[in-house]
Every structure is written in structure tokens, then in C-alpha cells.
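Colleague: Just passing along the structure, written as C-alpha cells.
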Amino acid sequence: KNKRVEIKNEYEKFRNDNKIERSSILPRSGALATGIIIFILIIETMLNGYFFGKGNPLGLVGGWFLAFILSSINITIGISVGKYILPYKNHISKNKKNFAILGYVFYLILIFGFNFLIGHWRDISALGIEASIDDFMMRSANPLFFEDIESILLIMVGFLFSFYSSIHGYRLDDPYPGYGPISRRYEDAVEDYNESRSEIQIELEDYKDDKIKE
């Protein structure tokens, strides 16, 4: 009982401090969330694998392997930002809210730059040339020039899938940071209390029946 009261007080204090008047939004089931992430990873790997297959010594297999590594980076960063940074845009603190917005903008710039470099790397490799720092330096004079339109598509696919992953990460729990976990703790405590109360009532009823029979 003391534990339940302690958790209840903590829960109510969190709601009051953060001016929350709604119930928490339940997260997606673990199996569904994992399934969506795997699906995103497979689709991006297959698409990027085709783009990387050209110019790769191992052909399509080598392209898929490389695409799997890069797709994992794209998706992992996206989900992490969406789950741990983006929710703070809803925080009552203006400083934390601004931090989240700036952090997300920085993420978008970073992930676009990452995929932009990968696109140029793929563009050089498709010509049968092993990409080097000198090749990248030469292209810095005209960074928007690409030999193959598929390299541009590669950039778009990588960026969009990472962006979608960040939205998916954001939806994995309640949009207000910290509210989901504390709400689940409170609900579990209430459920445990109700179960214990029901068990005690059943035992008392059984005891009462036994006494009547005597």
C-alpha cells in the first residue's frame, strides 16, 4: 500500500508540475514496433542495394551488404532522435522545447549531409573508380553535379527513410517526455493493488462460508 501511495504521489506531482490533464497514450506493442522497424530496414536495404550494386565488385550481393550497413545507420539514428529528442518539443520548459527543435533541425541537416556524401560516393563508384578524398575534393567545386540520377534517388531514399524512422521513434511512446513510463508504473501499481484486494476479498468470503458451515 505504501508503495502504491508513493507511486500515486509521484504520478500526480508529475502531472501537476507539467500541467498534464490527459491520460497517457499507450505505446505500440513491442512486436508491432519491431516488425515495422525490420520492414523499413528491409525495404531501404533492397532499394539502396540496387543502387550500390552498380560498380560494386561483388555486384548486387555486395550492394545489398553495403546498403544494409548504411540503412542500419540511417534508421538507428532516426529512431533514436525521434524517441529521445523530438518528444521534448512538447515539454513545458521553453529551454528544453527549443533544444528539441534545434536538435531535430541539426539531425535533419546531418542525415541529409550523410546521405549526400553517400550519394557522391556511389556516383563515383558507379564509374568503376574507387572513391578517394581527392575525388570528393574535386566534386566540392560543383556538389550538385551527379553523373547518374540513381545517385540522387539514393540520397532521397536514405533521407526519407531516416526521416520516417524518426517519426516512428517519436510514436513509440507518449509524446510528452517521461509521462509514458511514470503512467505505466502507476497503472501497474493500481492493477497490483486491485488484484491483491480481490484476492483478500475472496479469502474472506471463503473464510466466512467455512464459519457458517461450522
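Residue numbering restarts at 1 for every chain of the C-alpha cells, chains are lettered A, B, ... in their displayed order, and ligands are numbered from 1 as they appear.
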Would you pick out the contacts of Leu144 in chain A at 10 Å or less, using only C-alpha atoms, so that residues sharing its chain but fewer than 4 positions from it are not included, and give the list as a ChimeraX atom specification?
Modeller: /A:116,120,139-140,152
Colleague: With N, CA, C and O atoms retained, export the selected residues as an mmCIF file, in the first residue's frame.
Modeller:
```cif
data_model
loop_
_atom_site.group_PDB
_atom_site.id
_atom_site.type_symbol
_atom_site.label_atom_id
_atom_site.label_comp_id
_atom_site.auth_asym_id
_atom_site.auth_seq_id
_atom_site.Cartn_x
_atom_site.Cartn_y
_atom_site.Cartn_z
ATOM 1 N N PHE A 116 24.005 12.654 -48.613
ATOM 2 C CA PHE A 116 24.540 13.389 -49.762
ATOM 3 C C PHE A 116 25.948 12.891 -50.096
ATOM 4 O O PHE A 116 26.287 12.672 -51.267
ATOM 5 N N HIS A 120 27.326 10.807 -53.489
ATOM 6 C CA HIS A 120 28.507 11.107 -54.301
ATOM 7 C C HIS A 120 29.461 9.913 -54.344
ATOM 8 O O HIS A 120 30.068 9.623 -55.383
ATOM 9 N N ARG A 139 34.830 17.261 -56.532
ATOM 10 C CA ARG A 139 33.382 17.463 -56.665
ATOM 11 C C ARG A 139 32.874 18.602 -55.793
ATOM 12 O O ARG A 139 31.749 19.064 -55.985
ATOM 13 N N SER A 140 33.669 19.039 -54.827
ATOM 14 C CA SER A 140 33.236 20.118 -53.949
ATOM 15 C C SER A 140 33.039 21.422 -54.707
ATOM 16 O O SER A 140 32.303 22.318 -54.268
ATOM 17 N N ILE A 152 21.114 10.380 -57.072
ATOM 18 C CA ILE A 152 20.209 11.354 -56.451
ATOM 19 C C ILE A 152 19.058 10.621 -55.766
ATOM 20 O O ILE A 152 18.642 10.987 -54.657
#
```
Colleague: Identify all residues of range 24-209 of chain A in alpha helix (DSSP H) (DSSP on the backbone) and supply them as a PyMOL selection string.
Modeller: chain A and resi 30-53+59-84+94-125+133-139+149-170+179-209
Colleague: If you keep C-alpha atoms, can you produce a file of those selected residues as a compact mmCIF listing (two decimals), in the first residue's frame?
Modeller:
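That gives us again17.txt:
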```txt
# COMPACT_ATOMS: atom_id res chain seq x y z
CA GLY A 30 6.77 -4.34 -28.88
CA ALA A 31 6.16 -6.92 -31.60
CA LEU A 32 4.46 -4.41 -33.90
CA ALA A 33 7.15 -1.76 -33.35
CA THR A 34 9.93 -4.28 -34.04
CA GLY A 35 8.11 -5.54 -37.12
CA ILE A 36 7.79 -2.03 -38.56
CA ILE A 37 11.49 -1.31 -37.96
CA ILE A 38 12.53 -4.57 -39.65
CA PHE A 39 10.19 -3.83 -42.57
CA ILE A 40 11.69 -0.35 -43.03
CA LEU A 41 15.21 -1.79 -42.88
CA ILE A 42 14.45 -4.48 -45.47
CA ILE A 43 12.78 -2.07 -47.92
CA GLU A 44 15.57 0.52 -47.69
CA THR A 45 18.24 -2.18 -47.98
CA MET A 46 16.62 -3.62 -51.10
CA LEU A 47 16.25 -0.21 -52.77
CA ASN A 48 19.73 1.02 -51.89
CA GLY A 49 21.22 -2.38 -52.69
CA TYR A 50 20.14 -1.95 -56.29
CA PHE A 51 21.78 1.48 -56.44
CA PHE A 52 25.00 0.26 -54.83
CA GLY A 53 25.13 -2.87 -57.00
CA GLY A 59 27.61 -6.97 -57.73
CA LEU A 60 24.13 -6.94 -56.25
CA VAL A 61 25.12 -9.03 -53.22
CA GLY A 62 27.88 -6.56 -52.35
CA GLY A 63 25.45 -3.72 -52.93
CA TRP A 64 22.92 -5.21 -50.53
CA PHE A 65 25.55 -5.78 -47.86
CA LEU A 66 26.75 -2.19 -48.06
CA ALA A 67 23.17 -0.93 -48.19
CA PHE A 68 22.29 -2.92 -45.07
CA ILE A 69 25.06 -1.24 -43.08
CA LEU A 70 24.16 2.27 -44.27
CA SER A 71 20.42 1.67 -43.86
CA SER A 72 21.01 0.47 -40.29
CA ILE A 73 22.85 3.71 -39.53
CA ASN A 74 20.09 5.82 -41.12
CA ILE A 75 17.29 4.04 -39.26
CA THR A 76 19.05 3.77 -35.90
CA ILE A 77 19.84 7.49 -35.83
CA GLY A 78 16.31 8.36 -36.93
CA ILE A 79 14.58 6.21 -34.30
CA SER A 80 16.93 7.41 -31.54
CA VAL A 81 16.32 11.08 -32.36
CA GLY A 82 12.57 10.53 -32.63
CA LYS A 83 12.34 8.64 -29.35
CA TYR A 84 14.75 10.58 -27.12
CA LYS A 94 10.88 26.55 -23.18
CA ASN A 95 14.59 25.78 -22.98
CA LYS A 96 14.00 22.05 -23.43
CA LYS A 97 11.46 22.75 -26.17
CA ASN A 98 13.94 24.94 -28.07
CA PHE A 99 16.68 22.36 -27.53
CA ALA A 100 14.50 19.66 -29.08
CA ILE A 101 13.61 21.79 -32.11
CA LEU A 102 17.25 22.79 -32.71
CA GLY A 103 18.36 19.21 -32.13
CA TYR A 104 15.87 17.89 -34.67
CA VAL A 105 16.85 20.50 -37.26
CA PHE A 106 20.50 19.56 -36.69
CA TYR A 107 19.58 15.90 -37.17
CA LEU A 108 17.85 16.65 -40.49
CA ILE A 109 20.89 18.59 -41.73
CA LEU A 110 23.27 15.88 -40.51
CA ILE A 111 21.35 12.98 -42.03
CA PHE A 112 20.92 14.82 -45.33
CA GLY A 113 24.65 15.59 -45.41
CA PHE A 114 25.47 11.96 -44.62
CA ASN A 115 23.27 10.65 -47.43
CA PHE A 116 24.54 13.39 -49.76
CA LEU A 117 28.11 12.15 -49.28
CA ILE A 118 26.97 8.56 -49.74
CA GLY A 119 25.28 9.60 -52.98
CA HIS A 120 28.51 11.11 -54.30
CA TRP A 121 30.43 8.02 -53.19
CA ARG A 122 28.01 5.82 -55.08
CA ASP A 123 28.17 8.14 -58.12
CA ILE A 124 31.97 7.85 -58.26
CA SER A 125 31.92 4.08 -57.66
CA ILE A 133 39.40 12.04 -50.85
CA ASP A 134 40.75 13.72 -53.99
CA ASP A 135 37.60 12.72 -55.89
CA PHE A 136 35.41 14.28 -53.23
CA MET A 137 37.53 17.44 -53.21
CA MET A 138 37.15 17.76 -56.99
CA ARG A 139 33.38 17.46 -56.66
CA ILE A 149 20.30 10.16 -61.50
CA GLU A 150 20.18 6.96 -59.42
CA SER A 151 22.72 8.55 -57.07
CA ILE A 152 20.21 11.35 -56.45
CA LEU A 153 17.48 8.78 -55.83
CA LEU A 154 19.79 7.08 -53.34
CA ILE A 155 20.09 10.34 -51.39
CA MET A 156 16.33 10.83 -51.37
CA VAL A 157 15.62 7.25 -50.27
CA GLY A 158 18.15 7.38 -47.43
CA PHE A 159 16.95 10.75 -46.16
CA LEU A 160 13.23 9.95 -46.38
CA PHE A 161 13.58 6.56 -44.67
CA SER A 162 15.60 8.09 -41.84
CA PHE A 163 13.02 10.88 -41.51
CA TYR A 164 10.19 8.34 -41.35
CA SER A 165 12.16 6.35 -38.76
CA SER A 166 12.35 9.45 -36.57
CA ILE A 167 8.57 9.83 -36.74
CA HIS A 168 8.18 6.15 -35.90
CA GLY A 169 10.54 6.57 -32.94
CA TYR A 170 8.50 9.55 -31.76
CA TYR A 179 4.90 10.68 -19.00
CA GLY A 180 4.60 7.22 -20.56
CA PRO A 181 6.93 5.38 -18.13
CA ILE A 182 5.54 7.03 -14.98
CA SER A 183 1.96 6.40 -16.13
CA ARG A 184 2.70 2.72 -16.70
CA ARG A 185 4.27 2.44 -13.24
CA TYR A 186 1.16 3.98 -11.69
CA GLU A 187 -1.23 1.79 -13.70
CA ASP A 188 0.75 -1.33 -12.77
CA ALA A 189 0.64 -0.35 -9.09
CA VAL A 190 -3.14 0.19 -9.25
CA GLU A 191 -3.60 -3.13 -11.03
CA ASP A 192 -1.50 -4.96 -8.44
CA TYR A 193 -3.46 -3.31 -5.64
CA ASN A 194 -6.81 -4.27 -7.16
CA GLU A 195 -5.67 -7.86 -7.67
CA SER A 196 -4.46 -8.10 -4.08
CA ARG A 197 -7.72 -6.59 -2.85
CA SER A 198 -9.75 -9.07 -4.90
CA GLU A 199 -7.72 -11.99 -3.53
CA ILE A 200 -8.24 -10.80 0.05
CA GLN A 201 -11.99 -10.43 -0.54
CA ILE A 202 -12.19 -13.96 -1.95
CA GLU A 203 -10.28 -15.34 1.05
CA LEU A 204 -12.58 -13.51 3.45
CA GLU A 205 -15.65 -14.84 1.64
CA ASP A 206 -14.23 -18.38 1.80
CA TYR A 207 -13.46 -17.94 5.50
CA LYS A 208 -16.98 -16.60 6.13
CA ASP A 209 -18.55 -19.56 4.29
```
Colleague: In Å, how far is it from CA of Tyr176 in chain A to CA of Asn16 in chain A?
Modeller: 13.5 Å
Colleague: Of the candidates A:Ser24, A:Asn2, A:Lys13, A:Asp148, which one gets nearest to Pro175 in chain A if we count only C-alpha atoms?
Modeller: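 Of all the options, A:Ser24 lies closest to Pro175 in chain A.
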Colleague: Would you mind reading off the distance between CA of Leu86 in chain A and CA of Tyr11 in chain A, one decimal, in Å?
Modeller: 22.4 Å
Colleague: So what do you get for CA of Pro27 in chain A versus CA of Leu172 in chain A, distance-wise?
Modeller: 5.3 Å
